[in-house]
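Okay, work12.tsv is below, TSV, C-alpha atoms:
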chain	number	residue	atom	x	y	z
S	1	MET	CA	72.90	123.67	106.52
S	2	SER	CA	73.89	120.07	107.02
S	3	ALA	CA	71.57	117.82	109.01
S	4	ARG	CA	74.49	116.00	110.65
S	5	LEU	CA	75.39	116.72	114.24
S	6	GLN	CA	78.07	119.37	114.68
S	7	ALA	CA	79.79	119.83	118.02
S	8	ILE	CA	81.67	122.90	116.75
S	9	LYS	CA	80.26	125.54	114.44
S	10	TRP	CA	82.44	128.38	113.19
S	11	GLU	CA	81.40	131.27	110.99
S	12	ARG	CA	83.81	134.12	111.57
S	13	PRO	CA	83.62	135.68	114.12
S	14	HIS	CA	81.01	133.39	115.68
S	15	LEU	CA	81.89	130.18	117.51
S	16	THR	CA	79.06	128.00	118.73
S	17	ILE	CA	79.51	124.65	120.47
S	18	LEU	CA	77.18	121.85	121.41
S	19	ASN	CA	76.86	121.77	125.20
S	20	GLN	CA	77.76	118.15	125.85
S	21	LEU	CA	76.58	118.44	129.46
S	22	ALA	CA	73.00	118.69	128.17
S	23	LEU	CA	73.24	115.48	126.14
S	24	PRO	CA	71.37	113.21	125.59
S	25	HIS	CA	68.32	115.09	126.78
S	26	SER	CA	68.74	118.12	124.56
S	27	SER	CA	70.91	119.57	121.81
S	28	GLU	CA	71.77	122.94	123.31
S	29	TYR	CA	74.25	125.22	121.55
S	30	ILE	CA	76.32	127.84	123.36
S	31	GLU	CA	77.92	130.95	121.85
S	32	ILE	CA	81.61	131.23	122.71
S	33	SER	CA	82.69	134.83	122.17
S	34	ASP	CA	86.11	134.95	123.81
S	35	ALA	CA	88.91	133.02	125.47
S	36	ARG	CA	87.24	133.21	128.88
S	37	ALA	CA	84.10	131.51	127.56
S	38	GLY	CA	86.28	128.95	125.74
S	39	HIS	CA	88.17	128.23	128.95
S	40	TYR	CA	84.92	127.68	130.82
S	41	ALA	CA	83.51	125.41	128.07
S	42	ILE	CA	86.63	123.25	128.22
S	43	SER	CA	87.13	123.17	132.00
S	44	SER	CA	83.44	122.52	132.73
S	45	MET	CA	83.38	119.69	130.13
S	46	GLN	CA	80.82	121.38	127.89
S	47	THR	CA	83.21	120.32	125.15
S	48	ARG	CA	85.13	117.04	125.30
S	49	GLY	CA	87.61	115.05	123.28
S	50	ALA	CA	91.22	116.00	122.67
S	51	PRO	CA	90.82	117.34	119.12
S	52	ALA	CA	87.66	119.29	120.00
S	53	ILE	CA	89.28	120.85	123.06
S	54	ALA	CA	92.17	122.17	120.96
S	55	ILE	CA	89.86	123.54	118.26
S	56	VAL	CA	87.50	125.21	120.74
S	57	ALA	CA	90.45	126.86	122.50
S	58	ALA	CA	91.94	128.11	119.22
S	59	LEU	CA	88.64	129.38	117.85
S	60	SER	CA	87.49	130.97	121.12
S	61	LEU	CA	90.50	133.26	120.93
S	62	ALA	CA	89.93	133.77	117.19
S	63	ALA	CA	86.38	134.94	117.98
S	64	GLU	CA	87.74	137.36	120.58
S	65	LEU	CA	90.48	138.66	118.29
S	66	SER	CA	88.09	139.18	115.38
S	67	THR	CA	86.47	142.05	117.26
S	68	MET	CA	89.71	143.67	118.46
S	69	HIS	CA	92.11	146.23	117.02
S	70	PHE	CA	95.84	146.22	117.73
S	71	ASP	CA	98.05	149.21	116.98
S	72	THR	CA	101.27	147.21	117.00
S	73	SER	CA	102.37	143.67	116.35
S	74	ALA	CA	103.91	143.59	119.83
S	75	SER	CA	100.58	144.37	121.48
S	76	ALA	CA	98.82	141.72	119.37
S	77	ARG	CA	101.46	139.09	120.18
S	78	ALA	CA	101.38	139.93	123.89
S	79	HIS	CA	97.59	139.60	124.02
S	80	ILE	CA	97.59	136.35	122.06
S	81	HIS	CA	100.32	134.81	124.24
S	82	THR	CA	98.54	135.83	127.45
S	83	GLN	CA	95.24	134.38	126.31
S	84	LEU	CA	96.81	131.16	125.02
S	85	ASP	CA	98.61	130.71	128.34
S	86	TYR	CA	95.26	131.17	130.08
S	87	LEU	CA	93.56	128.66	127.76
S	88	ALA	CA	96.32	126.16	128.57
S	89	THR	CA	95.02	126.07	132.16
S	90	SER	CA	91.58	124.89	131.03
S	91	ARG	CA	92.66	121.24	130.73
S	92	PRO	CA	96.26	120.74	131.90
S	93	THR	CA	96.45	117.17	130.55
S	94	ALA	CA	95.18	117.86	127.03
S	95	VAL	CA	98.04	117.04	124.67
S	96	ASN	CA	96.23	118.32	121.56
S	97	LEU	CA	95.56	121.62	123.32
S	98	PHE	CA	99.25	122.18	124.05
S	99	ASP	CA	100.21	121.16	120.53
S	100	ALA	CA	97.74	123.69	119.08
S	101	ILE	CA	98.97	126.42	121.43
S	102	THR	CA	102.57	125.78	120.40
S	103	LYS	CA	101.67	125.98	116.70
S	104	LEU	CA	99.57	129.11	117.17
S	105	LYS	CA	102.30	130.90	119.13
S	106	HIS	CA	104.84	129.97	116.48
S	107	ALA	CA	102.57	131.32	113.72
S	108	VAL	CA	102.18	134.73	115.37
S	109	ASP	CA	105.81	134.89	116.50
S	110	THR	CA	107.11	134.29	112.98
S	111	THR	CA	104.75	136.74	111.29
S	112	ILE	CA	106.95	139.48	109.90
S	113	SER	CA	104.96	142.67	110.28
S	114	ASP	CA	104.78	145.71	112.52
S	115	ASN	CA	101.03	145.81	111.93
S	116	GLY	CA	99.02	144.34	114.80
S	117	GLN	CA	96.12	143.56	112.51
S	118	VAL	CA	98.33	141.36	110.34
S	119	VAL	CA	99.42	139.38	113.41
S	120	ARG	CA	95.79	139.10	114.54
S	121	ASP	CA	94.67	137.93	111.09
S	122	THR	CA	97.50	135.40	110.95
S	123	TYR	CA	96.25	133.90	114.21
S	124	VAL	CA	92.61	133.76	113.09
S	125	GLN	CA	93.55	132.15	109.76
S	126	MET	CA	95.76	129.58	111.50
S	127	ALA	CA	92.94	128.65	113.91
S	128	GLU	CA	90.59	128.23	110.95
S	129	ARG	CA	93.13	126.03	109.15
S	130	MET	CA	93.33	123.85	112.29
S	131	LEU	CA	89.56	123.36	112.16
S	132	ASP	CA	89.68	122.33	108.50
S	133	ALA	CA	92.75	120.14	109.02
S	134	ASP	CA	91.11	118.23	111.87
S	135	VAL	CA	88.17	117.22	109.66
S	136	LYS	CA	90.50	116.26	106.78
S	137	ASP	CA	92.78	114.29	109.11
S	138	ASN	CA	89.81	112.43	110.59
S	139	MET	CA	88.50	111.55	107.13
S	140	ALA	CA	91.96	110.27	106.16
S	141	ILE	CA	92.09	108.18	109.34
S	142	GLY	CA	88.70	106.76	108.41
S	143	GLU	CA	89.70	105.90	104.85
S	144	HIS	CA	93.06	104.35	105.79
S	145	GLY	CA	91.60	102.43	108.72
S	146	ALA	CA	88.82	101.03	106.55
S	147	GLN	CA	91.39	99.98	103.92
S	148	LEU	CA	93.41	98.14	106.58
S	149	ILE	CA	90.32	96.31	107.81
S	150	GLY	CA	89.36	95.40	104.25
S	151	ASN	CA	86.08	94.60	102.55
S	152	ASP	CA	84.95	91.66	104.70
S	153	LYS	CA	81.88	92.24	106.83
S	154	VAL	CA	82.92	93.30	110.32
S	155	ARG	CA	81.44	94.50	113.58
S	156	VAL	CA	83.22	97.35	115.37
S	157	LEU	CA	83.13	98.43	118.99
S	158	THR	CA	84.79	101.63	120.19
S	159	HIS	CA	85.19	102.46	123.87
S	160	CYS	CA	86.06	106.13	123.79
S	161	ASN	CA	84.61	109.46	122.69
S	162	THR	CA	85.86	109.11	119.10
S	163	GLY	CA	83.15	110.65	116.95
S	164	THR	CA	81.78	114.00	115.97
S	165	LEU	CA	81.52	115.14	119.59
S	166	ALA	CA	85.23	114.63	120.21
S	167	THR	CA	86.55	116.26	117.06
S	168	ALA	CA	85.90	119.12	114.66
S	169	GLY	CA	83.28	117.08	112.94
S	170	TYR	CA	84.01	113.61	111.57
S	171	GLY	CA	85.61	111.43	114.19
S	172	THR	CA	88.78	109.41	114.65
S	173	ALA	CA	87.91	105.75	115.32
S	174	LEU	CA	84.31	106.52	114.41
S	175	GLY	CA	85.66	107.89	111.12
S	176	ILE	CA	86.82	104.36	110.35
S	177	VAL	CA	83.34	103.05	111.15
S	178	ARG	CA	81.84	105.71	108.84
S	179	SER	CA	84.20	104.67	106.04
S	180	LEU	CA	83.44	101.00	106.59
S	181	HIS	CA	79.74	101.81	106.38
S	182	ALA	CA	80.26	103.78	103.16
S	183	GLN	CA	82.01	100.80	101.55
S	184	GLY	CA	79.33	98.39	102.78
S	185	SER	CA	81.63	96.48	105.13
S	186	LEU	CA	79.69	96.75	108.37
S	187	ASP	CA	77.75	93.73	109.52
Output the file's structure in the form of structure tokens.
Amino acid sequence: MSARLQAIKWERPHLTILNQLALPHSSEYIEISDARAGHYAISSMQTRGAPAIAIVAALSLAAELSTMHFDTSASARAHIHTQLDYLATSRPTAVNLFDAITKLKHAVDTTISDNGQVVRDTYVQMAERMLDADVKDNMAIGEHGAQLIGNDKVRVLTHCNTGTLATAGYGTALGIVRSLHAQGSLD
């Protein structure tokens, strides 16, 4: 296991998040087993940052679905849509959350199968791809941002939750700082 801080840990079907309300006094992790727990974690600010909110919502439902059986694709789709609509109420201003919900609904709606388990598995796999994509996107932001800044020694100040706590694990603006550090460009 990596020694770096992780705000979101996923090992199917287990989702665990760092309770950001306990910081900086303790690093307390909370098990999120279903959409209701995901909704609470988001609305109570146990998880913060636009990318992290979207990933926690997606994976909270993936954790729930991983333990369920659906006889038909219609019943799977109906359950997924209902839970995603509920998760949307957890943070009504979260753009990343609504983008993820739209993509997840599209993935299950375009799955051609009468088998509810296939629809369920499509959802879970899509949520997992979102987790992986967020880390890759953040690393790309870091690399490209560091290239734009160049190799001169610089000092960087960020004013927003832009690191590991706000994302699936690497950071947006903080990703640039990490890349600058890796290339030896931080003063």
Practice task
Please indicate the distance in Å from CA of Ala7 (chain S) to CA of Thr172 (chain S), rounded to one decimal place.
Solution key: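 Between these atoms lies a distance of 14.2 Å.
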Handout entry: Which residue of S:Gly142, S:Gly169, S:Gly38, S:Gly163 approaches Ala182 (chain S) most closely, using only C-alpha atoms
Key =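 Ranking S:Gly142, S:Gly169, S:Gly38, S:Gly163 by distance to Ala182 (chain S), first place goes to S:Gly142.
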Exercise for the section: Would you work out the distance separating CA of Val135 (chain S) from CA of Leu61 (chain S), expressed in Å to one decimal? Expected result: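 Computing it gives 19.7 Å between the two atoms.
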Handout entry: Which residue of S:Tyr123, S:Trp10, S:Tyr40, S:Tyr29 approaches Leu87 (chain S) most closely, using only C-alpha atoms
Key =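 The answer is S:Tyr40, which sits nearest to Leu87 (chain S).
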Problem - Interatomic distance, CA of Tyr170 (chain S) to CA of Leu186 (chain S) (Å, one decimal) - result: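 Computed distance, CA of Tyr170 (chain S) to CA of Leu186 (chain S), equals 17.7 Å.
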Problem - From S:His14, S:Arg120, S:Arg91, S:His144, residue lying nearest Ala50 (chain S) [all atoms listed in the file] - result: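 Checking each of S:His14, S:Arg120, S:Arg91, S:His144 against Ala50 (chain S), counting all atoms listed in the file, the winner is S:Arg91.
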